[in-house]
$ cat data.cif   # mmCIF, C-alpha atoms
data_model
loop_
_atom_site.label_atom_id
_atom_site.label_comp_id
_atom_site.auth_asym_id
_atom_site.auth_seq_id
_atom_site.Cartn_x
_atom_site.Cartn_y
_atom_site.Cartn_z
CA MET A 1 116.08 74.99 107.35
CA GLU A 2 114.44 71.90 105.83
CA PHE A 3 113.07 72.31 102.32
CA ASN A 4 109.27 72.19 102.39
CA SER A 5 107.97 70.25 99.40
CA VAL A 6 104.38 70.44 100.61
CA LYS A 7 104.08 74.01 99.31
CA CYS A 8 105.44 73.13 95.86
CA GLU A 9 103.13 72.88 92.86
CA VAL A 10 103.64 72.64 89.11
CA MET A 11 101.81 74.48 86.31
CA HIS A 12 101.97 73.21 82.73
CA LEU A 13 101.95 75.91 80.05
CA GLY A 14 102.20 75.78 76.27
CA ARG A 15 100.45 73.86 73.51
CA SER A 16 103.06 71.12 73.19
CA ASN A 17 103.51 70.63 76.94
CA LYS A 18 103.27 66.90 77.73
CA ALA A 19 102.22 67.62 81.35
CA LYS A 20 104.58 65.09 82.88
CA GLU A 21 104.62 64.36 86.59
CA HIS A 22 107.30 65.97 88.75
CA THR A 23 108.48 64.83 92.16
CA ILE A 24 110.47 66.33 95.04
CA ASN A 25 111.67 64.08 97.84
CA ALA A 26 109.63 61.20 96.39
CA ARG A 27 106.47 63.32 96.59
CA ILE A 28 104.41 63.87 93.44
CA LEU A 29 103.78 67.57 92.95
CA ARG A 30 100.19 68.59 92.47
CA ALA A 31 99.43 70.05 89.05
CA VAL A 32 97.47 73.30 89.03
CA ASP A 33 95.94 75.37 86.25
CA LYS A 34 96.08 78.65 88.17
CA VAL A 35 98.37 80.38 90.67
CA ARG A 36 97.22 82.64 93.44
CA ASN A 37 99.22 85.56 94.80
CA LEU A 38 101.19 85.83 91.55
CA GLU A 39 101.18 89.57 90.88
CA VAL A 40 103.47 92.33 89.72
CA HIS A 41 103.77 95.22 92.18
CA ALA A 42 104.21 98.11 89.77
CA LEU A 43 103.88 101.86 90.33
CA ARG A 44 103.97 101.44 94.12
CA PHE A 45 105.61 104.85 94.36
CA LEU A 46 102.40 106.41 93.03
CA ASN A 47 100.25 105.18 95.93
CA VAL A 48 100.34 108.59 97.59
CA ALA A 49 98.56 110.14 94.61
CA GLY A 50 96.02 107.33 94.56
CA GLN A 51 95.19 107.64 98.26
CA VAL A 52 94.86 111.41 98.02
CA ASN A 53 92.28 110.95 95.26
CA LYS A 54 90.29 108.50 97.36
CA VAL A 55 89.55 111.07 100.06
CA GLY A 56 88.34 113.54 97.44
CA HIS A 57 91.32 115.89 97.31
CA GLU A 58 91.71 117.33 93.80
CA PRO A 59 94.65 119.79 93.81
CA ILE A 60 94.49 120.28 90.04
CA ALA A 61 91.40 121.74 88.40
CA PRO A 62 89.63 119.68 85.70
CA VAL A 63 90.10 120.54 82.04
CA MET A 64 87.95 120.00 78.97
CA GLY A 65 88.92 116.96 76.94
CA ARG A 66 87.47 114.11 74.90
CA ASN A 67 86.57 110.58 75.88
CA PHE A 68 87.08 107.34 73.96
CA PHE A 69 84.16 108.18 71.65
CA ARG A 70 85.60 111.67 70.96
CA ARG A 71 82.84 113.36 72.92
CA PRO A 72 83.77 116.44 74.99
CA VAL A 73 83.94 115.73 78.73
CA LEU A 74 85.37 117.50 81.76
CA GLN A 75 88.41 115.43 82.64
CA LEU A 76 90.55 115.20 85.76
CA PRO A 77 94.32 114.73 85.47
CA GLY A 78 95.61 111.18 85.62
CA LEU A 79 97.85 109.53 88.16
CA PHE A 80 101.16 110.62 86.61
CA THR A 81 100.04 114.25 86.56
CA TYR A 82 99.29 114.08 90.27
CA ALA A 83 102.65 112.41 90.86
CA LYS A 84 104.37 115.33 89.14
CA HIS A 85 102.37 117.70 91.35
CA ILE A 86 103.60 115.87 94.47
CA VAL A 87 107.19 115.99 93.25
CA LYS A 88 106.85 119.71 92.61
CA ILE A 89 105.80 120.31 96.22
CA ASP A 90 107.63 117.67 98.25
CA GLY A 91 110.26 116.45 95.85
CA LYS A 92 110.69 112.81 94.89
CA ARG A 93 110.67 111.81 98.54
CA GLY A 94 107.01 112.80 98.66
CA LEU A 95 106.14 109.85 96.45
CA PHE A 96 107.49 107.42 99.03
CA LYS A 97 105.53 108.52 102.09
CA GLY A 98 104.47 105.51 104.12
CA LEU A 99 106.94 103.23 102.36
CA THR A 100 108.54 101.83 105.53
CA PRO A 101 105.33 100.62 107.22
CA ARG A 102 104.13 99.31 103.86
CA LEU A 103 107.28 97.23 103.43
CA CYS A 104 106.89 95.93 106.98
CA ALA A 105 103.29 94.99 106.29
CA GLY A 106 104.28 93.21 103.08
CA ALA A 107 107.11 91.23 104.68
CA ILE A 108 105.18 90.23 107.80
CA GLY A 109 102.04 89.48 105.78
CA THR A 110 103.95 87.17 103.44
CA LEU A 111 105.46 85.26 106.36
CA VAL A 112 102.15 84.92 108.21
CA HIS A 113 100.24 83.96 105.05
CA GLY A 114 102.81 81.34 104.09
CA GLN A 115 102.98 79.83 107.57
CA VAL A 116 99.20 79.60 108.01
CA LEU A 117 98.74 78.18 104.51
CA GLN A 118 101.51 75.65 105.13
CA ASN A 119 99.88 74.49 108.36
CA CYS A 120 96.52 74.11 106.61
CA GLN A 121 98.10 72.19 103.73
CA GLU A 122 99.99 69.86 106.07
CA MET A 123 96.77 69.10 107.93
CA LYS A 124 95.00 68.42 104.65
CA GLU A 125 97.93 66.38 103.29
CA ASN A 126 97.18 63.56 105.70
CA GLU A 127 93.60 63.38 104.48
CA CYS A 128 94.24 63.66 100.72
CA THR A 129 93.87 60.60 98.52
CA ASP A 130 96.55 59.64 96.03
CA LEU A 131 94.35 60.91 93.22
CA GLU A 132 94.13 64.36 94.80
CA LYS A 133 97.89 64.48 95.32
CA ILE A 134 98.52 63.80 91.64
CA GLY A 135 96.33 66.74 90.74
CA ASP A 136 93.30 65.45 88.84
CA GLU A 137 90.68 67.78 87.40
CA PRO A 138 89.53 70.16 90.16
CA SER A 139 86.09 69.42 91.61
CA LEU A 140 83.81 71.94 93.28
CA HIS A 141 84.57 70.38 96.66
CA ARG A 142 88.31 70.72 96.10
CA VAL A 143 87.98 74.35 94.96
CA PHE A 144 85.87 75.04 98.05
CA GLU A 145 88.52 73.57 100.35
CA GLU A 146 91.36 75.45 98.65
CA THR A 147 89.43 78.71 98.86
CA MET A 148 88.70 78.13 102.54
CA ARG A 149 92.40 77.59 103.28
CA GLU A 150 93.38 80.65 101.28
CA MET A 151 90.70 82.73 103.03
CA ILE A 152 91.99 81.71 106.47
CA ALA A 153 95.58 82.52 105.49
CA ARG A 154 94.71 85.89 103.93
CA SER A 155 92.45 86.93 106.79
CA THR A 156 95.08 86.10 109.38
CA ALA A 157 97.76 88.04 107.49
CA THR A 158 95.40 91.00 107.05
CA ILE A 159 94.55 91.17 110.75
CA VAL A 160 98.21 90.94 111.80
CA THR A 161 99.41 93.62 109.36
CA HIS A 162 96.46 96.03 109.52
CA PRO A 163 98.13 98.35 112.06
CA PHE A 164 100.93 98.94 109.53
CA HIS A 165 98.28 99.56 106.88
CA VAL A 166 96.67 102.26 109.03
CA VAL A 167 100.01 103.97 109.61
CA THR A 168 100.78 103.83 105.88
CA LEU A 169 97.51 105.51 104.89
CA ARG A 170 97.83 108.26 107.47
CA CYS A 171 101.39 109.04 106.39
CA MET A 172 100.14 109.45 102.83
CA ILE A 173 97.09 111.56 103.68
CA GLN A 174 99.28 114.07 105.51
CA PHE A 175 100.13 115.51 102.10
CA ILE A 176 96.75 117.29 101.97
CA GLY A 177 97.25 119.40 105.08
CA ARG A 178 101.05 119.52 104.97
CA GLU A 179 101.16 117.83 108.39
CA THR A 180 103.92 115.85 110.09
CA LYS A 181 101.88 114.22 112.83
CA TYR A 182 102.71 110.69 111.72
CA SER A 183 106.42 110.31 111.09
CA GLY A 184 108.13 106.98 111.61
CA ILE A 185 106.59 103.70 112.68
CA PHE A 186 107.35 104.01 116.39
CA GLY A 187 106.13 107.60 116.66
CA SER A 188 102.95 106.79 114.72
CA VAL A 189 102.21 103.79 116.94
CA VAL A 190 102.57 105.91 120.07
CA THR A 191 100.34 108.65 118.61
CA ILE A 192 97.57 106.24 117.62
CA TYR A 193 97.64 104.45 120.98
CA LYS A 194 97.49 107.69 122.97
CA GLU A 195 94.64 109.22 120.97
CA GLU A 196 92.53 106.22 119.97
CA GLY A 197 93.64 103.31 122.10
CA PHE A 198 94.18 99.75 120.91
CA LEU A 199 91.18 99.80 118.57
CA GLY A 200 92.74 102.66 116.61
CA PHE A 201 95.18 100.21 115.03
CA PHE A 202 92.27 98.31 113.47
CA ALA A 203 90.26 101.18 112.03
CA GLY A 204 88.68 100.07 108.76
CA LEU A 205 89.52 96.39 109.29
CA ILE A 206 86.01 94.96 108.86
CA PRO A 207 85.29 96.31 105.35
CA ARG A 208 88.80 95.34 104.29
CA LEU A 209 88.28 91.75 105.44
CA LEU A 210 84.84 91.57 103.83
CA GLY A 211 86.17 92.91 100.55
CA ASP A 212 89.07 90.44 100.51
CA MET A 213 86.84 87.45 101.27
CA ILE A 214 84.16 88.38 98.73
CA SER A 215 86.81 89.04 96.08
CA LEU A 216 88.52 85.71 96.77
CA TRP A 217 85.32 83.67 96.59
CA LEU A 218 84.10 85.45 93.46
CA CYS A 219 87.45 85.00 91.76
CA ASN A 220 87.79 81.29 92.50
CA MET A 221 84.16 80.37 91.84
CA LEU A 222 84.07 82.25 88.53
CA ALA A 223 87.37 80.67 87.46
CA TYR A 224 86.00 77.21 88.33
CA LEU A 225 82.80 77.79 86.35
CA ILE A 226 84.72 79.08 83.33
CA ASN A 227 87.24 76.24 83.38
CA THR A 228 84.56 73.58 83.92
CA TYR A 229 81.69 74.65 81.69
CA ALA A 230 83.06 77.22 79.23
CA LEU A 231 86.38 75.56 78.35
CA GLU A 232 86.87 71.98 77.29
CA PRO A 233 89.42 69.75 79.08
CA PRO A 234 92.92 70.51 77.76
CA SER A 235 94.33 68.18 75.14
CA GLN A 236 97.73 67.90 73.51
CA GLY A 237 98.28 70.61 70.92
CA SER A 238 95.39 72.79 72.12
CA GLN A 239 95.43 76.24 73.68
CA ILE A 240 92.83 75.39 76.33
CA GLY A 241 95.50 74.93 78.99
CA GLU A 242 96.83 78.42 78.37
CA LEU A 243 93.35 79.92 78.43
CA ARG A 244 92.68 78.21 81.77
CA SER A 245 95.83 79.72 83.24
CA TYR A 246 94.60 83.20 82.29
CA SER A 247 91.05 82.77 83.61
CA GLN A 248 92.18 83.34 87.21
CA ALA A 249 93.73 86.69 86.28
CA VAL A 250 90.62 87.83 84.39
CA THR A 251 88.21 86.80 87.15
CA GLY A 252 90.51 88.40 89.72
CA PHE A 253 90.32 91.70 87.88
CA LEU A 254 86.52 91.54 87.69
CA ALA A 255 86.24 90.63 91.37
CA SER A 256 88.49 93.52 92.39
CA MET A 257 86.32 95.93 90.39
CA LEU A 258 83.14 94.69 92.10
CA THR A 259 84.62 94.86 95.60
CA TYR A 260 86.32 98.24 95.20
CA PRO A 261 83.75 100.04 97.42
CA PHE A 262 84.97 97.94 100.36
CA VAL A 263 88.54 99.12 99.71
CA LEU A 264 87.42 102.74 99.55
CA VAL A 265 85.38 102.54 102.76
CA SER A 266 88.21 100.76 104.57
CA ASN A 267 90.74 103.43 103.57
CA LEU A 268 88.42 106.26 104.57
CA MET A 269 87.69 104.70 107.96
CA ALA A 270 91.43 104.20 108.57
CA VAL A 271 91.98 107.98 108.39
CA ASN A 272 88.58 109.17 109.59
CA ASN A 273 88.67 111.66 112.49
CA CYS A 274 92.35 110.99 113.17
CA GLY A 275 93.31 114.64 113.48
CA LEU A 276 94.45 115.05 109.88
CA VAL A 277 92.87 117.47 107.42
CA GLY A 278 92.18 114.63 104.98
CA GLY A 279 90.11 112.76 107.57
CA LEU A 280 87.97 115.70 108.72
CA PRO A 281 85.31 117.93 107.11
CA PRO A 282 85.07 119.19 104.44
CA TYR A 283 86.92 116.24 102.89
CA ALA A 284 85.15 113.63 104.99
CA ALA A 285 82.36 113.59 107.51
CA VAL A 286 82.97 112.11 110.95
CA TYR A 287 81.48 108.68 110.37
CA THR A 288 80.06 106.67 113.27
CA SER A 289 80.84 103.33 111.62
CA TRP A 290 81.89 101.85 108.31
CA VAL A 291 78.22 101.21 107.49
CA ASP A 292 77.51 104.91 108.01
CA CYS A 293 80.44 105.73 105.71
CA TRP A 294 79.11 103.35 103.05
CA ARG A 295 75.63 104.86 103.20
CA GLN A 296 76.85 108.43 102.88
CA LEU A 297 79.13 107.61 99.97
CA SER A 298 76.28 105.75 98.30
CA ARG A 299 73.91 108.73 98.67
CA GLU A 300 76.55 111.03 97.17
CA GLY A 301 77.38 108.59 94.35
CA ASN A 302 81.02 108.36 95.48
CA LEU A 303 81.43 104.61 96.02
CA SER A 304 83.70 104.42 92.96
CA ARG A 305 85.74 107.53 93.79
CA GLY A 306 89.41 107.01 93.02
CA ASN A 307 88.78 103.75 91.18
CA SER A 308 90.15 104.97 87.85
CA LEU A 309 93.79 106.00 87.90
CA PHE A 310 94.30 107.34 84.39
CA PHE A 311 91.00 108.05 82.58
CA ARG A 312 89.15 110.18 85.10
CA LYS A 313 86.21 112.47 84.49
CA ALA A 314 84.69 115.09 86.76
CA PRO A 315 81.57 113.99 88.69
CA ALA A 316 78.36 115.10 87.04
CA GLY A 317 76.30 117.81 88.69
CA ARG A 318 79.05 119.03 91.03
CA MET A 319 81.19 122.14 91.01
CA TYR A 320 84.93 122.38 91.61
CA ALA A 321 85.83 124.56 94.61
CA VAL A 322 89.20 126.11 93.88
CA ASP A 323 89.82 127.24 97.46
CA GLN A 324 89.02 123.82 98.95
CA LYS A 325 90.50 121.85 96.03
CA ARG A 326 87.60 119.43 95.86
CA PHE A 327 84.16 118.98 94.30
CA VAL A 328 81.13 120.27 96.22
#

$ encode --input "data.cif" --output "structure tokens"
Amino acid sequence: MEFNSVKCEVMHLGRSNKAKEHTINARILRAVDKVRNLEVHALRFLNVAGQVNKVGHEPIAPVMGRNFFRRPVLQLPGLFTYAKHIVKIDGKRGLFKGLTPRLCAGAIGTLVHGQVLQNCQEMKENECTDLEKIGDEPSLHRVFEETMREMIARSTATIVTHPFHVVTLRCMIQFIGRETKYSGIFGSVVTIYKEEGFLGFFAGLIPRLLGDMISLWLCNMLAYLINTYALEPPSQGSQIGELRSYSQAVTGFLASMLTYPFVLVSNLMAVNNCGLVGGLPPYAAVYTSWVDCWRQLSREGNLSRGNSLFFRKAPAGRMYAVDQKRFV
């Protein structure tokens, strides 16, 4: 396999970094001040607990505690407490439900994303000027083009891997009703196709795509505005270069917080009316569309449900139903 230098970039970090040019195969590598898709996948084994919380299942009753300001509040157990609860019932294997389709989605998504992005970059490479190849200060036009390429690559990877995402969520939600309807990738695919047809593999796709695109554009535009107008151009011996490298991570976190309702709606639609207890009343209504799901969650004040993993408080004005293990 031929080494692809088109995908290579260089990031200069540190105060005393001289930011020298680097080349591979006589090609000058483009210097960047941020890196996309650089993330640490931690606590993946706790996804089951997180997904169970999103559908409103609360197996452990809230307890009285104190918030950051030492005021008494009715608190819900955090993610690790729920993980212990799952281990107590299903053993450690219960924490890894849906792991196989999730790994498949990750591997296939990475390949598709990389291939699409490479094709877009190769097409753009023929049009780039020498100044752009060296990696001069990013302009708004350049940020717009890079975001467009990234959006195309992410959207393509999301569409291709969404069926695995649906299978993953349904395997996790089975914990609520102690079901075994979805077991294994092949068996789950057959079940979904028989009951819901081809469209069943893409349940919840639209809000997921919208959330990803809005998050991407917000993240990149905010990072560009901060780097251009809030921070001065980096100079030797200054910390501006390091601050610029962190701006993408900060704006990414803010964008993910703002677009969380799209993630919640997408996950609920992926399991809605699929024959599992977690996708049927009383945990969830039978939604006609993702817009209907959004509206109902908005009326109930549940668009941020499951957003906090550790510091969780009981919803105001609602009572905990012990028999149903949820708030009513």

$ closest_residue --input "data.cif" --among "A:Arg142, A:Lys194, A:Arg305, A:Arg312" --to "Val63 of chain A" --atoms "all atoms listed in the file"
A:Arg312

$ residues_around --input "data.cif" --residues "Leu276 of chain A" --least-positions-apart "2" --cutoff "9 Å" --atoms "all atoms listed in the file" --output "MDAnalysis selection string"
chainID A and resid 170 173:174 176:177 179 181 271:274 278:280

$ residues_around --input "data.cif" --residues "Ala314 of chain A" --least-positions-apart "3" --cutoff "7 Å" --atoms "all atoms listed in the file" --output "NGL selection string"
:A and (62 or 74-76)

$ atom_distance --input "data.cif" --atom1 "atom CA of Met151 of chain A" --atom2 "atom CA of Ala105 of chain A"
17.9 Å

$ atom_distance --input "data.cif" --atom1 "atom CA of Tyr224 of chain A" --atom2 "atom CA of Glu150 of chain A"
15.3 Å

$ resolve_selection --input "data.cif" --expression "the PyMOL selection byres ((chain A and resi 61) around 12)" --output "PDB file with C-alpha atoms, in the coordinates of the input"
ATOM      1  CA  HIS A  57      91.320 115.890  97.310  1.00  0.00           C
ATOM      2  CA  GLU A  58      91.710 117.330  93.800  1.00  0.00           C
ATOM      3  CA  PRO A  59      94.650 119.790  93.810  1.00  0.00           C
ATOM      4  CA  ILE A  60      94.490 120.280  90.040  1.00  0.00           C
ATOM      5  CA  PRO A  62      89.630 119.680  85.700  1.00  0.00           C
ATOM      6  CA  VAL A  63      90.100 120.540  82.040  1.00  0.00           C
ATOM      7  CA  MET A  64      87.950 120.000  78.970  1.00  0.00           C
ATOM      8  CA  LEU A  74      85.370 117.500  81.760  1.00  0.00           C
ATOM      9  CA  GLN A  75      88.410 115.430  82.640  1.00  0.00           C
ATOM     10  CA  LEU A  76      90.550 115.200  85.760  1.00  0.00           C
ATOM     11  CA  PRO A  77      94.320 114.730  85.470  1.00  0.00           C
ATOM     12  CA  GLY A  78      95.610 111.180  85.620  1.00  0.00           C
ATOM     13  CA  THR A  81     100.040 114.250  86.560  1.00  0.00           C
ATOM     14  CA  TYR A  82      99.290 114.080  90.270  1.00  0.00           C
ATOM     15  CA  LYS A 313      86.210 112.470  84.490  1.00  0.00           C
ATOM     16  CA  ALA A 314      84.690 115.090  86.760  1.00  0.00           C
ATOM     17  CA  MET A 319      81.190 122.140  91.010  1.00  0.00           C
ATOM     18  CA  TYR A 320      84.930 122.380  91.610  1.00  0.00           C
ATOM     19  CA  ALA A 321      85.830 124.560  94.610  1.00  0.00           C
ATOM     20  CA  VAL A 322      89.200 126.110  93.880  1.00  0.00           C
ATOM     21  CA  ASP A 323      89.820 127.240  97.460  1.00  0.00           C
ATOM     22  CA  GLN A 324      89.020 123.820  98.950  1.00  0.00           C
ATOM     23  CA  LYS A 325      90.500 121.850  96.030  1.00  0.00           C
ATOM     24  CA  ARG A 326      87.600 119.430  95.860  1.00  0.00           C
ATOM     25  CA  PHE A 327      84.160 118.980  94.300  1.00  0.00           C
TER      26      PHE A 327
END

$ residues_around --input "data.cif" --residues "segment 249-262 of chain A" --least-positions-apart "6" --cutoff "10 Å" --atoms "all atoms listed in the file" --output "VMD selection string"
chain A and resid 34 to 36 38 to 39 204 206 to 224 226 268 290 294 297 to 298 302 to 307

$ closest_residue --input "data.cif" --among "A:Leu103, A:Val143, A:Leu264, A:Ile185" --to "Gly50 of chain A" --atoms "all atoms listed in the file"
A:Leu264

$ atom_distance --input "data.cif" --atom1 "atom CA of Asn119 of chain A" --atom2 "atom CA of Thr147 of chain A"
14.7 Å

$ closest_residue --input "data.cif" --among "A:Thr158, A:Met172, A:Ile89, A:Gly65" --to "Asn53 of chain A" --atoms "all atoms listed in the file"
A:Met172

$ residues_near_point --input "data.cif" --point "(93.1, 102.9, 119.9)" --cutoff "12 Å" --atoms "all atoms listed in the file" --output "ChimeraX atom specification"
/A:163,166,188-203,270,274

$ closest_residue --input "data.cif" --among "A:Ala284, A:Met269, A:Cys120, A:Val48" --to "Asp90 of chain A" --atoms "only C-alpha atoms"
A:Val48

$ closest_residue --input "data.cif" --among "A:Val160, A:Met148, A:Val10, A:Leu95" --to "Gln51 of chain A" --atoms "all atoms listed in the file"
A:Leu95
